[in-house]
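Shown here: input.cif, mmCIF, C-alpha atoms.
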data_protein
#
loop_
_atom_site.label_atom_id
_atom_site.label_comp_id
_atom_site.auth_asym_id
_atom_site.auth_seq_id
_atom_site.Cartn_x
_atom_site.Cartn_y
_atom_site.Cartn_z
CA THR A 856 2.83 -57.94 7.62
CA ASN A 857 4.17 -55.41 5.14
CA PHE A 858 5.69 -56.56 1.85
CA LEU A 859 8.56 -55.35 -0.29
CA PHE A 860 8.28 -57.30 -3.54
CA ILE A 861 11.23 -56.96 -5.97
CA LEU A 862 10.97 -58.26 -9.54
CA PHE A 863 13.56 -58.46 -12.32
CA ASP A 864 13.34 -59.65 -15.89
CA ASP A 865 15.63 -62.43 -17.06
CA LEU A 866 17.68 -62.66 -13.84
CA ARG A 867 19.02 -66.04 -12.82
CA PRO A 868 19.40 -66.64 -9.07
CA GLU A 869 23.13 -65.86 -9.11
CA LEU A 870 23.28 -64.26 -5.66
CA ASN A 871 24.88 -65.32 -2.38
CA ALA A 872 21.37 -65.79 -0.95
CA TYR A 873 20.95 -68.63 -3.45
CA GLY A 874 24.31 -70.20 -2.59
CA ARG A 875 26.34 -68.59 -5.40
CA LYS A 876 29.47 -67.59 -3.48
CA HIS A 877 31.29 -66.19 -6.54
CA MET A 878 28.94 -63.18 -6.63
CA ILE A 879 29.68 -59.99 -4.68
CA THR A 880 26.21 -58.83 -3.63
CA PRO A 881 26.45 -57.14 -0.21
CA ASN A 882 23.21 -55.15 -0.49
CA PHE A 883 21.19 -58.19 -1.54
CA ASP A 884 22.91 -60.20 1.22
CA ARG A 885 21.78 -57.71 3.89
CA LEU A 886 18.23 -57.63 2.52
CA ALA A 887 18.10 -61.43 2.21
CA ALA A 888 19.26 -61.89 5.82
CA LYS A 889 16.00 -60.34 7.05
CA SER A 890 13.68 -61.49 4.28
CA VAL A 891 11.81 -64.50 3.01
CA ILE A 892 13.67 -65.96 0.02
CA PHE A 893 11.57 -67.67 -2.63
CA ASP A 894 13.80 -70.29 -4.18
CA LYS A 895 11.13 -72.27 -6.00
CA ALA A 896 9.98 -69.52 -8.40
CA TYR A 897 10.68 -71.26 -11.68
CA CYS A 898 10.47 -69.71 -15.10
CA GLN A 899 7.23 -70.85 -16.73
CA ILE A 900 8.07 -69.73 -20.27
CA ALA A 901 11.31 -68.09 -21.39
CA VAL A 902 9.80 -64.65 -22.00
CA CYS A 903 8.95 -61.97 -19.47
CA ASN A 904 5.15 -61.58 -19.69
CA PRO A 905 4.07 -65.21 -19.02
CA SER A 906 6.61 -65.48 -16.19
CA ARG A 907 5.36 -62.27 -14.56
CA ASP A 908 1.74 -63.32 -14.87
CA ALA A 909 2.55 -66.74 -13.36
CA LEU A 910 4.41 -65.14 -10.44
CA LEU A 911 1.73 -62.51 -9.74
CA THR A 912 -1.28 -64.83 -10.08
CA GLY A 913 0.21 -68.12 -8.87
CA LEU A 914 -1.20 -69.72 -12.02
CA ARG A 915 0.56 -71.49 -14.87
CA PRO A 916 0.43 -70.12 -18.43
CA ASP A 917 -1.94 -72.91 -19.49
CA THR A 918 -4.42 -71.49 -16.94
CA THR A 919 -3.91 -67.75 -17.57
CA GLY A 920 -3.61 -68.19 -21.34
CA THR A 921 -0.50 -66.00 -21.32
CA TYR A 922 2.07 -67.51 -23.65
CA ALA A 923 3.51 -64.43 -25.32
CA PHE A 924 3.79 -60.66 -25.00
CA GLN A 925 0.44 -59.31 -26.20
CA SER A 926 -1.80 -60.77 -23.53
CA SER A 927 -2.71 -60.06 -19.94
CA PHE A 928 -3.30 -61.85 -16.63
CA ARG A 929 -6.92 -60.65 -16.68
CA PRO A 930 -9.43 -61.81 -15.47
CA HIS A 931 -7.30 -63.62 -12.86
CA VAL A 932 -6.52 -62.20 -9.41
CA THR A 933 -2.98 -60.97 -8.72
CA ILE A 934 -1.29 -60.84 -5.34
CA GLN A 935 -1.57 -57.05 -5.28
CA SER A 936 -5.31 -57.01 -6.13
CA HIS A 937 -5.89 -59.66 -3.44
CA LEU A 938 -4.10 -57.41 -0.94
CA VAL A 939 -6.16 -54.38 -2.02
CA ASP A 940 -9.32 -56.41 -1.36
CA ALA A 941 -7.89 -57.34 2.08
CA GLY A 942 -7.46 -53.65 2.98
CA TYR A 943 -3.78 -53.15 2.18
CA TYR A 944 -2.25 -50.17 0.47
CA THR A 945 -0.43 -51.34 -2.65
CA ALA A 946 2.15 -49.31 -4.54
CA GLY A 947 3.77 -50.40 -7.79
CA TYR A 948 6.92 -48.87 -9.23
CA GLY A 949 8.31 -49.83 -12.61
CA LYS A 950 7.59 -52.98 -14.56
CA VAL A 951 5.54 -55.12 -12.20
CA ASN A 952 2.74 -56.25 -14.49
CA HIS A 953 3.87 -56.63 -18.07
CA TRP A 954 1.03 -54.45 -19.33
CA GLU A 955 1.02 -51.47 -16.99
CA GLU A 956 -1.92 -49.12 -16.97
CA ALA A 957 -3.50 -47.00 -14.27
CA ASP A 958 -5.43 -49.52 -12.18
CA ALA A 959 -6.69 -48.75 -8.66
CA GLY A 960 -7.68 -52.40 -8.29
CA GLN A 961 -3.98 -53.29 -8.50
CA TRP A 962 -2.36 -50.17 -7.01
CA SER A 963 -4.47 -48.49 -4.34
CA TYR A 964 -1.77 -46.13 -3.05
CA GLU A 965 0.48 -45.19 -5.95
CA GLN A 966 1.70 -46.38 -9.33
CA TRP A 967 4.76 -45.06 -11.14
CA PRO A 968 4.94 -44.39 -13.95
CA PRO A 969 1.16 -44.03 -14.15
CA GLN A 970 1.11 -45.35 -17.73
CA ALA A 971 4.21 -47.22 -18.80
CA ASN A 972 4.71 -48.08 -22.43
CA TRP A 973 7.53 -50.58 -21.99
CA TYR A 974 7.81 -51.35 -25.68
CA LYS A 975 8.31 -47.66 -26.56
CA TYR A 976 10.88 -47.25 -23.78
CA GLN A 977 12.74 -50.35 -24.94
CA MET A 978 12.69 -49.26 -28.60
CA ASP A 979 13.94 -45.78 -27.66
CA GLU A 980 16.85 -47.43 -25.85
CA ARG A 981 17.60 -49.71 -28.80
CA ASP A 982 17.72 -46.70 -31.12
CA LEU A 983 20.66 -45.43 -29.05
CA MET A 984 22.55 -48.71 -29.16
CA ASN A 985 24.64 -50.66 -31.63
CA ALA A 986 24.69 -53.91 -29.60
CA THR A 987 22.43 -55.81 -27.20
CA THR A 988 24.57 -54.56 -24.29
CA GLN A 989 25.94 -51.06 -24.27
CA PRO A 990 27.49 -49.09 -21.45
CA ASP A 991 26.76 -45.37 -21.63
CA ARG A 992 29.41 -42.82 -20.63
CA LEU A 993 27.18 -39.79 -21.29
CA LYS A 994 23.83 -40.43 -19.62
CA LYS A 995 23.71 -39.73 -15.88
CA GLU A 996 22.88 -42.71 -13.68
CA GLU A 997 19.81 -40.95 -12.28
CA ASP A 998 18.39 -40.67 -15.82
CA PHE A 999 18.23 -44.45 -16.28
CA ARG A 1000 14.78 -45.98 -15.74
CA ASP A 1001 15.89 -48.55 -13.14
CA HIS A 1002 17.48 -45.81 -11.02
CA GLN A 1003 14.22 -43.86 -11.19
CA ILE A 1004 12.23 -46.97 -10.25
CA ALA A 1005 14.45 -47.61 -7.21
CA THR A 1006 14.25 -43.96 -6.13
CA LYS A 1007 10.45 -43.83 -6.43
CA ALA A 1008 10.05 -47.17 -4.63
CA ILE A 1009 12.26 -46.02 -1.73
CA GLU A 1010 10.27 -42.77 -1.46
CA GLY A 1011 6.96 -44.68 -1.49
CA LEU A 1012 8.24 -47.21 1.04
CA ARG A 1013 9.30 -44.41 3.40
CA ARG A 1014 5.95 -42.62 3.08
CA LEU A 1015 3.99 -45.82 3.70
CA ALA A 1016 6.19 -46.83 6.64
CA THR A 1017 5.53 -43.50 8.37
CA ASP A 1018 1.79 -43.39 7.58
CA LYS A 1019 -0.14 -43.03 10.82
CA ASN A 1020 -3.27 -45.01 9.93
CA ASP A 1021 -1.72 -48.42 10.73
CA LYS A 1022 -2.78 -49.86 7.35
CA HIS A 1023 -0.55 -52.64 6.04
CA PHE A 1024 1.12 -52.20 2.67
CA MET A 1025 2.88 -53.87 -0.23
CA VAL A 1026 5.48 -52.04 -2.29
CA ALA A 1027 6.41 -53.72 -5.56
CA ALA A 1028 9.48 -52.58 -7.49
CA GLY A 1029 9.82 -54.07 -10.96
CA PHE A 1030 13.14 -53.50 -12.69
CA LYS A 1031 13.78 -53.70 -16.41
CA LEU A 1032 17.36 -54.92 -16.33
CA PRO A 1033 18.89 -57.37 -17.07
CA HIS A 1034 16.25 -57.67 -19.83
CA LEU A 1035 17.76 -56.95 -23.25
CA ALA A 1036 18.58 -54.40 -24.50
CA MET A 1037 21.04 -53.73 -21.68
CA HIS A 1038 21.68 -50.02 -21.81
CA VAL A 1039 23.58 -49.42 -18.56
CA PRO A 1040 25.58 -46.68 -16.83
CA TRP A 1041 29.29 -47.01 -17.60
CA GLN A 1042 30.28 -47.33 -13.92
CA ASP A 1043 28.01 -50.40 -13.57
CA TYR A 1044 29.63 -52.07 -16.57
CA GLU A 1045 33.24 -51.73 -15.46
#

As structure tokens, how would this structure be written, given the file I've shared?
Amino acid sequence: TNFLFILFDDLRPELNAYGRKHMITPNFDRLAAKSVIFDKAYCQIAVCNPSRDALLTGLRPDTTGTYAFQSSFRPHVTIQSHLVDAGYYTAGYGKVNHWEEADAGQWSYEQWPPQANWYKYQMDERDLMNATTQPDRLKKEEDFRDHQIATKAIEGLRRLATDKNDKHFMVAAGFKLPHLAMHVPWQDYE
């Protein structure tokens, strides 16, 4: 089995796939129709790092020791490192682990960006903003990090799907939004 694993920060399950009929989510609906939906993935702690570590390791924060931002899942095994050990290709795009660094034990095929300083990226965005949510009329959509993550993940997924060595794979795409600060393209805000 091949995996496409999509992660978001701070996103409540407000999609049709979770029974929320007031949402207009046709792309998610099509993907959900042919996917496994995890509807028991509860927030462990109301900040991104402990929740990510819990999701990726299957362990609670009291086991991983991750309660805040400046800690890591290590030395615990993540789903992607388990798949690497089982012979899978793994590719990670965007904010999958909270602390991203080049790590062949996690990402055997590709990792983008190779070294992600999420705090610097977030602070650079905040320097542009005068509120926690700000639509941007000037920046092109393709220059936003989440657009780049989606583009790279699609490219990696296509390459892996056409690879001739019959090796199974996992592609993980970790998106920053809707994590604050919400610096978004204007057309997505309207």

Carefully work through the PyMOL selection byres ((chain A and resi 902) around 8) for this structure and note down the residues it includes, as JSON, numbers by chain.
{"A": [865, 900, 901, 903, 904, 905, 906, 923, 924]}

Contacts of Glu1010 (chain A) at 12 Å or less, counting all atoms listed in the file, minus same-chain residues fewer than 6 places along, as an mmCIF file with C-alpha atoms, in the frame of the given file?
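File written: part14.cif
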data_model
loop_
_atom_site.group_PDB
_atom_site.id
_atom_site.type_symbol
_atom_site.label_atom_id
_atom_site.label_comp_id
_atom_site.auth_asym_id
_atom_site.auth_seq_id
_atom_site.Cartn_x
_atom_site.Cartn_y
_atom_site.Cartn_z
ATOM 1 C CA ALA A 946 2.150 -49.310 -4.540
ATOM 2 C CA GLY A 947 3.770 -50.400 -7.790
ATOM 3 C CA TYR A 948 6.920 -48.870 -9.230
ATOM 4 C CA GLU A 965 0.480 -45.190 -5.950
ATOM 5 C CA TRP A 967 4.760 -45.060 -11.140
ATOM 6 C CA GLN A 1003 14.220 -43.860 -11.190
ATOM 7 C CA ILE A 1004 12.230 -46.970 -10.250
ATOM 8 C CA ALA A 1016 6.190 -46.830 6.640
ATOM 9 C CA THR A 1017 5.530 -43.500 8.370
ATOM 10 C CA VAL A 1026 5.480 -52.040 -2.290
ATOM 11 C CA ALA A 1028 9.480 -52.580 -7.490
#

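Note that CA of Val932 (chain A) and CA of Gly920 (chain A) are 13.7 Å apart.
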
Convert the output of the PyMOL selection byres ((chain A and resi 1039) around 8) on the shown file into explicit residues, formatted as a ChimeraX atom specification.
/A:988-991,999,1037-1038,1040-1041,1043-1044

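The residues caught by the PyMOL selection byres ((chain A and resi 1031) around 7) in this file are Phe863, Asp864, Lys950, Asp1001, Gly1029, Phe1030, Leu1032, Pro1033 and His1034 of chain A.
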
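In this model, the gap between CA of Phe860 (chain A) and CA of Arg1013 (chain A) comes to 14.7 Å.
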
Which distance in Å separates CA of Lys1007 (chain A) and CA of Thr921 (chain A), to one decimal?
28.9 Å

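Omitting Thr918 (chain A) and its sequence neighbours fewer than 6 positions away, and counting all atoms listed in the file, the residues within 12 Å are Gln899, Pro905, Asp908, Ala909, Thr912, Ser927, Phe928, Arg929, Pro930 and His931 of chain A.
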
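Shortest separation to Thr856 (chain A) among A:Lys975, A:Ala1005, A:Arg915, A:Ser890 occurs at residue A:Ser890, atoms counted being all atoms listed in the file.
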
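Residues of protein, DNA or RNA having at least one counted atom within 12 Å of (27.2, -62.7, -1.9), given only C-alpha atoms, are Pro868, Glu869, Leu870, Asn871, Ala872, Tyr873, Gly874, Arg875, Lys876, His877, Met878, Ile879, Thr880, Pro881, Asn882, Phe883, Asp884, Arg885, Leu886, Ala887 and Ala888 of chain A.
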
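Of the residues listed (A:Leu1015, A:Val891, A:Leu910, A:Ala1008), A:Leu1015 shows the shortest atom-to-atom separation from Tyr943 (chain A); distances use only C-alpha atoms.
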
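Closest approach to Tyr964 (chain A) among A:Arg992, A:Phe1024, A:Tyr922, A:Arg907: A:Phe1024, based on only C-alpha atoms.
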